[in-house]
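See structure below.
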Amino acid sequence: MKISFTLNDKTILIDTEPDRRVIDILREDLQLTGTKEGCGSGECGACTILVDGESRLSCLMLAAQLEEKHITTIEGLSVENNIHPIQDAFIQSGAVQCGFCTPGMVMSALNLLYRNKKPSREEIREGISGNLCRCTGYQKIVDAVENAAQKMKDDAFNKEKAGT
Amino acid sequence: MREVFLPLTLDDLWETVFEYPQAMLYAGGTDLLVRQKMHNYNCNLTQNHNAGSPGKISSDLCYNPLICLERIQELKEIYQQDGMIFIGSCVSHARLLESALIKRHFPVLIHALKVLGSPQVRNMGTIGGNICTASPAGDTLPPLYVLKAVLEIRSIDSKRFVPLKHFIKNPGETALQEYEILYGIWIKSNQDFNLHHYEKVGQRKALAIAIASLAAVLRLSDAGIIEDARFAWGSAGPKVVYSKKIDRALIGKPLTEESLKSVIPLIREAVSPIDDIRASAQYRRAVSGNLIFRLLQSGNNVKN
């Protein structure tokens, strides 16, 4: 089955079986191995991607459902050589230990910050509640998302100021 | 390999359904695709899995074509009409949480949606899927029971309306016949309740399958007397548990610990919970009763 969709801002056409899982297409066919598979049943959030700007689990989504969708994976966040402010904040805040949950965490943080530019710590916890981390104890991840929100707000402010 | 269809309209859907009568329907995929994975792991596990699946299980789960309903716009509408609110079966939990109509009219449903799954599951899962999965632990079910939701069921050339309480027959079993779909949910707007309450007891906050849950809507007079009340419990029996006897027992009484205590024996008699991996039947019976005391903590309630 031929499926056309937008992946990290590029339109692509793939030819695959319609019942394959999106995570397998990303990792095995397209070599985008940033997206991880943890539980494979929707409980760990490691495979989180954005579909039309909304977080979804790529282990519970089939190839046919990609048609005409805009997909963002962790690989799509950096612009040229600059990593995304959320990624930077994860590094700066020490929010990465083994790193396996990190791509999914970052995508969930992005899903949250798209909708809530200045979340409280409680709202951040809620926003990443579908992602499991077995290393950090979450505190530093919450710190990272809080710092990223501030950084993105400052960046937007500076951009606006530069434009006027 | 098997086929996966993505109809864009109801006409497309009917065409596919008649061409592939053995096809299985799904919306968000957060239940069906998980069951399929479990089946792949271990066939016996799925056959003994008493959370059930709509109709057929076992090998059908892995070989029959799939029809995904998520692109059918008609099933994704929320609107008000003739004193009723319509929710299309494929409206996601996240859309419901954002809806001004739902927030205004059905706070009890909003409370339940907030603790359903996780952000990702709420973005994918739909209210129709939660109903058709017919799990005793379905988070939207107790609120929909107390709101007296009526389901619109469509086939290619007919429609019928079935109250939710008659729709769910057993765990995983609904009144849907062959070539029928759940089209949407109708709920009377402006129901005269000024206290909406929902609480789920789970092993953790997010992604928890309910050990027990309680939805309640009450109308309190200015003096705090209960004028009307409806209660429904989740995970407390094979289906949602409700009892007119309990509802009526509280009418005319003040909302106090003493009044609530008086119905505890009725609740413990009405529920018929099971032992499972999450909790014992004994614990569920105790907690189903005790949950009612939370009505006294206004922090959990929304008063209009």
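Each chain in the structure tokens gets a letter, A, B and so on, in the order shown; residues start at 1 in every chain, and ligands are counted from 1 in the order they appear.
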Within 8 Å of chain A, which residues of chain B show up when using only C-alpha atoms, listed as a ChimeraX atom specification? /B:1-6,29-30,33-34,37,68,117-121,123-124,206-207
Can you write out the residues you just picked, keeping C-alpha atoms, as a short mmCIF file (atom, residue, chain, number, x, y, z; two decimals), in the first residue's frame?
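Below you can see result_26.cif, which holds the result:
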data_model
loop_
_atom_site.label_atom_id
_atom_site.label_comp_id
_atom_site.auth_asym_id
_atom_site.auth_seq_id
_atom_site.Cartn_x
_atom_site.Cartn_y
_atom_site.Cartn_z
CA MET B 1 -0.57 -8.96 6.29
CA ARG B 2 -4.11 -7.78 6.57
CA GLU B 3 -6.01 -4.87 5.18
CA VAL B 4 -6.65 -1.68 7.12
CA PHE B 5 -9.36 0.63 5.81
CA LEU B 6 -9.73 4.30 6.61
CA GLY B 29 -6.88 1.72 18.82
CA THR B 30 -5.91 2.03 22.47
CA LEU B 33 -4.42 -2.91 19.24
CA VAL B 34 -3.27 -3.68 22.79
CA LYS B 37 -0.48 -7.47 20.86
CA CYS B 68 -10.40 2.59 11.47
CA GLY B 117 -5.38 7.06 30.76
CA SER B 118 -2.68 9.58 29.94
CA PRO B 119 -2.41 12.64 27.67
CA GLN B 120 -1.51 10.39 24.70
CA VAL B 121 -4.35 7.97 25.41
CA ASN B 123 -5.62 12.21 22.35
CA MET B 124 -6.23 8.84 20.70
CA ALA B 206 -2.02 8.20 35.53
CA LEU B 207 -2.72 5.19 33.32
#
Taking the chain letters and numbering used in this document, name the residues of stretch 13-261 of chain B that DSSP puts in helix (DSSP H, G or I), as an NGL selection string. :B and (13-19 or 32-41 or 43-47 or 60-63 or 73-76 or 93-98 or 100-105 or 107-114 or 119-124 or 127-133 or 141-146 or 164-167 or 244-249 or 257-261)
Can you pull out the residues contacting A:Gly99? Cut-off 10 Å, using only C-alpha atoms, and skip same-chain residues under 3 positions away; I want them as an mmCIF file with N, CA and C atoms, in the first residue's frame.
data_model
loop_
_atom_site.group_PDB
_atom_site.id
_atom_site.type_symbol
_atom_site.label_atom_id
_atom_site.label_comp_id
_atom_site.auth_asym_id
_atom_site.auth_seq_id
_atom_site.Cartn_x
_atom_site.Cartn_y
_atom_site.Cartn_z
ATOM 1 N N ALA A 95 18.323 16.174 33.251
ATOM 2 C CA ALA A 95 17.093 15.376 33.198
ATOM 3 C C ALA A 95 17.269 14.080 32.418
ATOM 4 N N VAL A 96 18.481 13.829 31.943
ATOM 5 C CA VAL A 96 18.735 12.619 31.152
ATOM 6 C C VAL A 96 19.673 11.711 31.929
ATOM 7 N N THR A 102 13.844 9.637 27.176
ATOM 8 C CA THR A 102 13.994 11.062 26.863
ATOM 9 C C THR A 102 13.258 11.503 25.596
ATOM 10 N N PRO A 103 13.394 10.793 24.460
ATOM 11 C CA PRO A 103 12.681 11.275 23.266
ATOM 12 C C PRO A 103 11.169 11.389 23.507
ATOM 13 N N GLY A 104 10.596 10.381 24.128
ATOM 14 C CA GLY A 104 9.164 10.416 24.406
ATOM 15 C C GLY A 104 8.809 11.542 25.368
ATOM 16 N N MET A 105 9.645 11.724 26.388
ATOM 17 C CA MET A 105 9.421 12.806 27.357
ATOM 18 C C MET A 105 9.443 14.165 26.660
ATOM 19 N N CYS A 133 9.752 7.110 33.479
ATOM 20 C CA CYS A 133 11.198 7.198 33.581
ATOM 21 C C CYS A 133 11.594 6.380 34.802
ATOM 22 N N CYS A 135 14.819 6.195 35.877
ATOM 23 C CA CYS A 135 16.092 6.657 36.440
ATOM 24 C C CYS A 135 15.948 7.888 37.325
ATOM 25 N N THR A 136 15.333 8.923 36.784
ATOM 26 C CA THR A 136 15.535 10.249 37.370
ATOM 27 C C THR A 136 14.690 10.554 38.595
#
DSSP on the backbone, strand (DSSP E or B) only: what residues of stretch 121-237 of chain B does that give? Format it as number ranges by chain. B: 126, 150-154, 159-163, 168-170, 173-174, 181-188, 195-201, 212-220, 225-234
Using N, CA and C atoms, can you export the residues from the last selection as a short mmCIF file (atom, residue, chain, number, x, y, z; two decimals), in the first residue's frame?
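Okay, this is what ended up in part-v6.cif:
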data_model
loop_
_atom_site.label_atom_id
_atom_site.label_comp_id
_atom_site.auth_asym_id
_atom_site.auth_seq_id
_atom_site.Cartn_x
_atom_site.Cartn_y
_atom_site.Cartn_z
N THR B 126 -11.42 7.31 22.18
CA THR B 126 -12.68 8.01 21.94
C THR B 126 -13.75 7.55 22.92
N VAL B 150 -28.16 8.23 26.20
CA VAL B 150 -28.85 7.36 25.25
C VAL B 150 -27.99 7.25 24.00
N LEU B 151 -27.84 6.04 23.49
CA LEU B 151 -26.94 5.83 22.37
C LEU B 151 -27.72 5.74 21.06
N GLU B 152 -27.18 6.40 20.04
CA GLU B 152 -27.77 6.29 18.71
C GLU B 152 -26.98 5.26 17.93
N ILE B 153 -27.69 4.22 17.52
CA ILE B 153 -27.06 3.11 16.79
C ILE B 153 -27.54 3.14 15.36
N ARG B 154 -26.60 3.09 14.45
CA ARG B 154 -26.96 3.20 13.04
C ARG B 154 -26.60 1.93 12.28
N LYS B 159 -31.88 3.67 12.09
CA LYS B 159 -31.25 4.05 13.35
C LYS B 159 -32.16 3.67 14.50
N ARG B 160 -31.55 3.37 15.64
CA ARG B 160 -32.34 3.09 16.84
C ARG B 160 -31.63 3.72 18.03
N PHE B 161 -32.41 3.94 19.09
CA PHE B 161 -31.86 4.60 20.28
C PHE B 161 -31.95 3.64 21.47
N VAL B 162 -30.84 3.46 22.15
CA VAL B 162 -30.80 2.51 23.26
C VAL B 162 -30.17 3.19 24.47
N PRO B 163 -30.84 3.17 25.63
CA PRO B 163 -30.20 3.73 26.83
C PRO B 163 -28.92 2.96 27.13
N ILE B 168 -24.96 -2.07 27.35
CA ILE B 168 -23.89 -2.94 27.82
C ILE B 168 -24.51 -4.17 28.48
N LYS B 169 -24.21 -5.36 27.89
CA LYS B 169 -24.85 -6.59 28.35
C LYS B 169 -23.99 -7.30 29.39
N ASN B 170 -22.70 -7.39 29.09
CA ASN B 170 -21.75 -8.11 29.92
C ASN B 170 -20.39 -7.48 29.66
N GLU B 173 -19.42 -7.16 26.05
CA GLU B 173 -20.56 -7.51 25.20
C GLU B 173 -21.60 -6.39 25.17
N THR B 174 -21.94 -5.96 23.95
CA THR B 174 -22.90 -4.87 23.81
C THR B 174 -24.09 -5.30 22.96
N ILE B 181 -23.26 0.26 13.88
CA ILE B 181 -22.20 0.98 14.60
C ILE B 181 -22.82 1.88 15.66
N LEU B 182 -22.02 2.20 16.64
CA LEU B 182 -22.42 3.24 17.59
C LEU B 182 -22.15 4.58 16.91
N TYR B 183 -23.22 5.32 16.64
CA TYR B 183 -23.09 6.57 15.90
C TYR B 183 -22.76 7.74 16.83
N GLY B 184 -23.45 7.77 17.97
CA GLY B 184 -23.18 8.87 18.89
C GLY B 184 -23.95 8.72 20.18
N ILE B 185 -23.76 9.71 21.06
CA ILE B 185 -24.33 9.66 22.40
C ILE B 185 -25.18 10.91 22.59
N TRP B 186 -26.39 10.73 23.08
CA TRP B 186 -27.27 11.87 23.37
C TRP B 186 -27.44 11.99 24.89
N ILE B 187 -27.23 13.20 25.39
CA ILE B 187 -27.43 13.43 26.82
C ILE B 187 -28.25 14.70 26.99
N LYS B 188 -29.23 14.64 27.87
CA LYS B 188 -30.08 15.80 28.13
C LYS B 188 -29.21 16.91 28.72
N LEU B 195 -24.41 19.44 42.08
CA LEU B 195 -23.19 18.84 42.62
C LEU B 195 -22.80 17.66 41.73
N HIS B 196 -21.65 17.79 41.11
CA HIS B 196 -21.14 16.72 40.24
C HIS B 196 -19.88 16.16 40.87
N HIS B 197 -19.83 14.85 41.07
CA HIS B 197 -18.69 14.26 41.77
C HIS B 197 -18.21 13.01 41.04
N TYR B 198 -16.90 12.87 40.94
CA TYR B 198 -16.34 11.63 40.39
C TYR B 198 -15.03 11.35 41.08
N GLU B 199 -14.83 10.10 41.43
CA GLU B 199 -13.52 9.73 41.95
C GLU B 199 -13.18 8.31 41.52
N LYS B 200 -11.92 8.16 41.12
CA LYS B 200 -11.43 6.83 40.75
C LYS B 200 -10.35 6.42 41.73
N VAL B 201 -10.43 5.20 42.21
CA VAL B 201 -9.35 4.66 43.02
C VAL B 201 -8.54 3.75 42.10
N ALA B 212 -11.90 0.82 41.82
CA ALA B 212 -13.30 1.16 42.06
C ALA B 212 -13.46 2.62 41.70
N SER B 213 -14.65 3.00 41.24
CA SER B 213 -14.89 4.41 40.97
C SER B 213 -16.34 4.74 41.28
N LEU B 214 -16.57 6.00 41.53
CA LEU B 214 -17.94 6.46 41.84
C LEU B 214 -18.22 7.76 41.09
N ALA B 215 -19.34 7.77 40.39
CA ALA B 215 -19.84 9.02 39.80
C ALA B 215 -21.14 9.35 40.52
N ALA B 216 -21.32 10.63 40.82
CA ALA B 216 -22.56 11.04 41.50
C ALA B 216 -22.99 12.41 41.02
N VAL B 217 -24.28 12.57 40.82
CA VAL B 217 -24.85 13.90 40.60
C VAL B 217 -25.97 14.10 41.61
N LEU B 218 -25.98 15.27 42.25
CA LEU B 218 -26.98 15.54 43.28
C LEU B 218 -27.59 16.92 43.06
N ARG B 219 -28.83 17.07 43.48
CA ARG B 219 -29.40 18.41 43.57
C ARG B 219 -29.63 18.70 45.05
N LEU B 220 -28.94 19.75 45.51
CA LEU B 220 -29.06 20.13 46.91
C LEU B 220 -29.87 21.41 47.01
N ILE B 225 -30.33 20.15 51.70
CA ILE B 225 -31.10 18.90 51.67
C ILE B 225 -30.99 18.28 50.27
N ILE B 226 -30.80 16.98 50.23
CA ILE B 226 -30.68 16.28 48.94
C ILE B 226 -32.07 16.15 48.32
N GLU B 227 -32.27 16.81 47.18
CA GLU B 227 -33.59 16.76 46.52
C GLU B 227 -33.62 15.68 45.44
N ASP B 228 -32.46 15.40 44.87
CA ASP B 228 -32.39 14.36 43.85
C ASP B 228 -30.96 13.84 43.85
N ALA B 229 -30.78 12.56 43.52
CA ALA B 229 -29.43 12.00 43.53
C ALA B 229 -29.36 10.79 42.61
N ARG B 230 -28.25 10.66 41.94
CA ARG B 230 -27.98 9.44 41.16
C ARG B 230 -26.52 9.05 41.36
N PHE B 231 -26.33 7.77 41.61
CA PHE B 231 -24.97 7.25 41.84
C PHE B 231 -24.69 6.09 40.89
N ALA B 232 -23.44 5.95 40.50
CA ALA B 232 -23.04 4.78 39.70
C ALA B 232 -21.60 4.42 40.02
N TRP B 233 -21.37 3.12 40.17
CA TRP B 233 -20.03 2.62 40.54
C TRP B 233 -19.41 1.87 39.37
N GLY B 234 -18.12 2.11 39.16
CA GLY B 234 -17.36 1.36 38.16
C GLY B 234 -16.48 0.34 38.84
#
Got a sec: who's within 12 Å of B:Gln282, counting only C-alpha atoms, leaving out chain neighbours fewer than 3 positions off, as JSON, numbers by chain? {"B": [211, 212, 236, 268, 271, 272, 273, 274, 275, 276, 279, 285, 286, 287, 288, 289]}
Write out as JSON, numbers by chain each polymer residue whose atoms come within 10 Å of B:Asp11, counting only C-alpha atoms; drop sequence neighbours fewer than 4 positions from it. {"B": [7, 15, 16, 17, 72, 156]}
Write to file, as a tab-separated table (two decimals), in the first residue's frame, the residues of the selection just made, with C-alpha atoms.
chain	number	residue	atom	x	y	z
B	7	PRO	CA	-13.19	5.39	5.40
B	15	GLU	CA	-19.43	-0.10	1.53
B	16	THR	CA	-16.36	-1.53	3.29
B	17	VAL	CA	-18.37	-3.21	6.03
B	72	ILE	CA	-15.21	10.01	9.55
B	156	ILE	CA	-26.95	1.43	6.62
Rounded to one decimal in Å, what is the spacing between atom CA of B:Ile292 and atom CA of B:Tyr242?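 Going from atom CA of B:Ile292 over to atom CA of B:Tyr242, I get 13.0 Å.
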So which residues touch B:Lys261 within 12 Å, counting only C-alpha atoms, skipping near sequence neighbours fewer than 6 positions away, as number ranges by chain? B: 246, 249-250, 253-255, 267-268, 289-296
Could you save those same residues with N, CA and C atoms as an mmCIF file, in the first residue's frame?
data_model
loop_
_atom_site.group_PDB
_atom_site.id
_atom_site.type_symbol
_atom_site.label_atom_id
_atom_site.label_comp_id
_atom_site.auth_asym_id
_atom_site.auth_seq_id
_atom_site.Cartn_x
_atom_site.Cartn_y
_atom_site.Cartn_z
ATOM 1 N N ILE B 246 -30.726 3.042 46.418
ATOM 2 C CA ILE B 246 -29.726 3.910 47.041
ATOM 3 C C ILE B 246 -30.046 5.371 46.739
ATOM 4 N N ALA B 249 -32.957 6.512 48.772
ATOM 5 C CA ALA B 249 -32.750 6.496 50.223
ATOM 6 C C ALA B 249 -32.204 7.823 50.733
ATOM 7 N N LEU B 250 -31.563 8.557 49.853
ATOM 8 C CA LEU B 250 -30.950 9.804 50.332
ATOM 9 C C LEU B 250 -31.830 11.028 50.109
ATOM 10 N N LYS B 253 -32.883 13.916 52.736
ATOM 11 C CA LYS B 253 -31.937 13.966 53.854
ATOM 12 C C LYS B 253 -30.895 15.058 53.624
ATOM 13 N N PRO B 254 -30.317 15.560 54.700
ATOM 14 C CA PRO B 254 -29.235 16.524 54.508
ATOM 15 C C PRO B 254 -27.969 15.801 54.068
ATOM 16 N N LEU B 255 -27.081 16.519 53.366
ATOM 17 C CA LEU B 255 -25.819 15.900 52.936
ATOM 18 C C LEU B 255 -24.854 15.916 54.118
ATOM 19 N N ILE B 267 -25.107 -0.064 49.580
ATOM 20 C CA ILE B 267 -24.057 -0.078 48.546
ATOM 21 C C ILE B 267 -23.327 -1.416 48.570
ATOM 22 N N ARG B 268 -22.952 -1.835 49.775
ATOM 23 C CA ARG B 268 -22.169 -3.085 49.866
ATOM 24 C C ARG B 268 -22.989 -4.276 49.390
ATOM 25 N N GLY B 289 -18.211 1.458 49.073
ATOM 26 C CA GLY B 289 -19.048 2.119 50.066
ATOM 27 C C GLY B 289 -18.405 3.397 50.568
ATOM 28 N N ASN B 290 -17.152 3.300 50.954
ATOM 29 C CA ASN B 290 -16.489 4.448 51.567
ATOM 30 C C ASN B 290 -16.340 5.645 50.634
ATOM 31 N N LEU B 291 -16.286 5.369 49.306
ATOM 32 C CA LEU B 291 -16.115 6.465 48.349
ATOM 33 C C LEU B 291 -17.191 7.527 48.481
ATOM 34 N N ILE B 292 -18.352 7.117 48.971
ATOM 35 C CA ILE B 292 -19.479 8.051 49.034
ATOM 36 C C ILE B 292 -19.213 9.186 50.032
ATOM 37 N N PHE B 293 -18.347 8.934 51.032
ATOM 38 C CA PHE B 293 -18.050 9.989 52.020
ATOM 39 C C PHE B 293 -17.306 11.167 51.400
ATOM 40 N N ARG B 294 -16.669 10.937 50.252
ATOM 41 C CA ARG B 294 -15.938 12.031 49.608
ATOM 42 C C ARG B 294 -16.864 13.138 49.108
ATOM 43 N N LEU B 295 -18.155 12.823 49.047
ATOM 44 C CA LEU B 295 -19.115 13.869 48.666
ATOM 45 C C LEU B 295 -19.076 15.038 49.644
ATOM 46 N N LEU B 296 -18.595 14.763 50.847
ATOM 47 C CA LEU B 296 -18.559 15.815 51.871
ATOM 48 C C LEU B 296 -17.396 16.773 51.665
#
Distance atom CA of B:Arg204-atom CA of B:Arg278, one decimal place? 11.0 Å
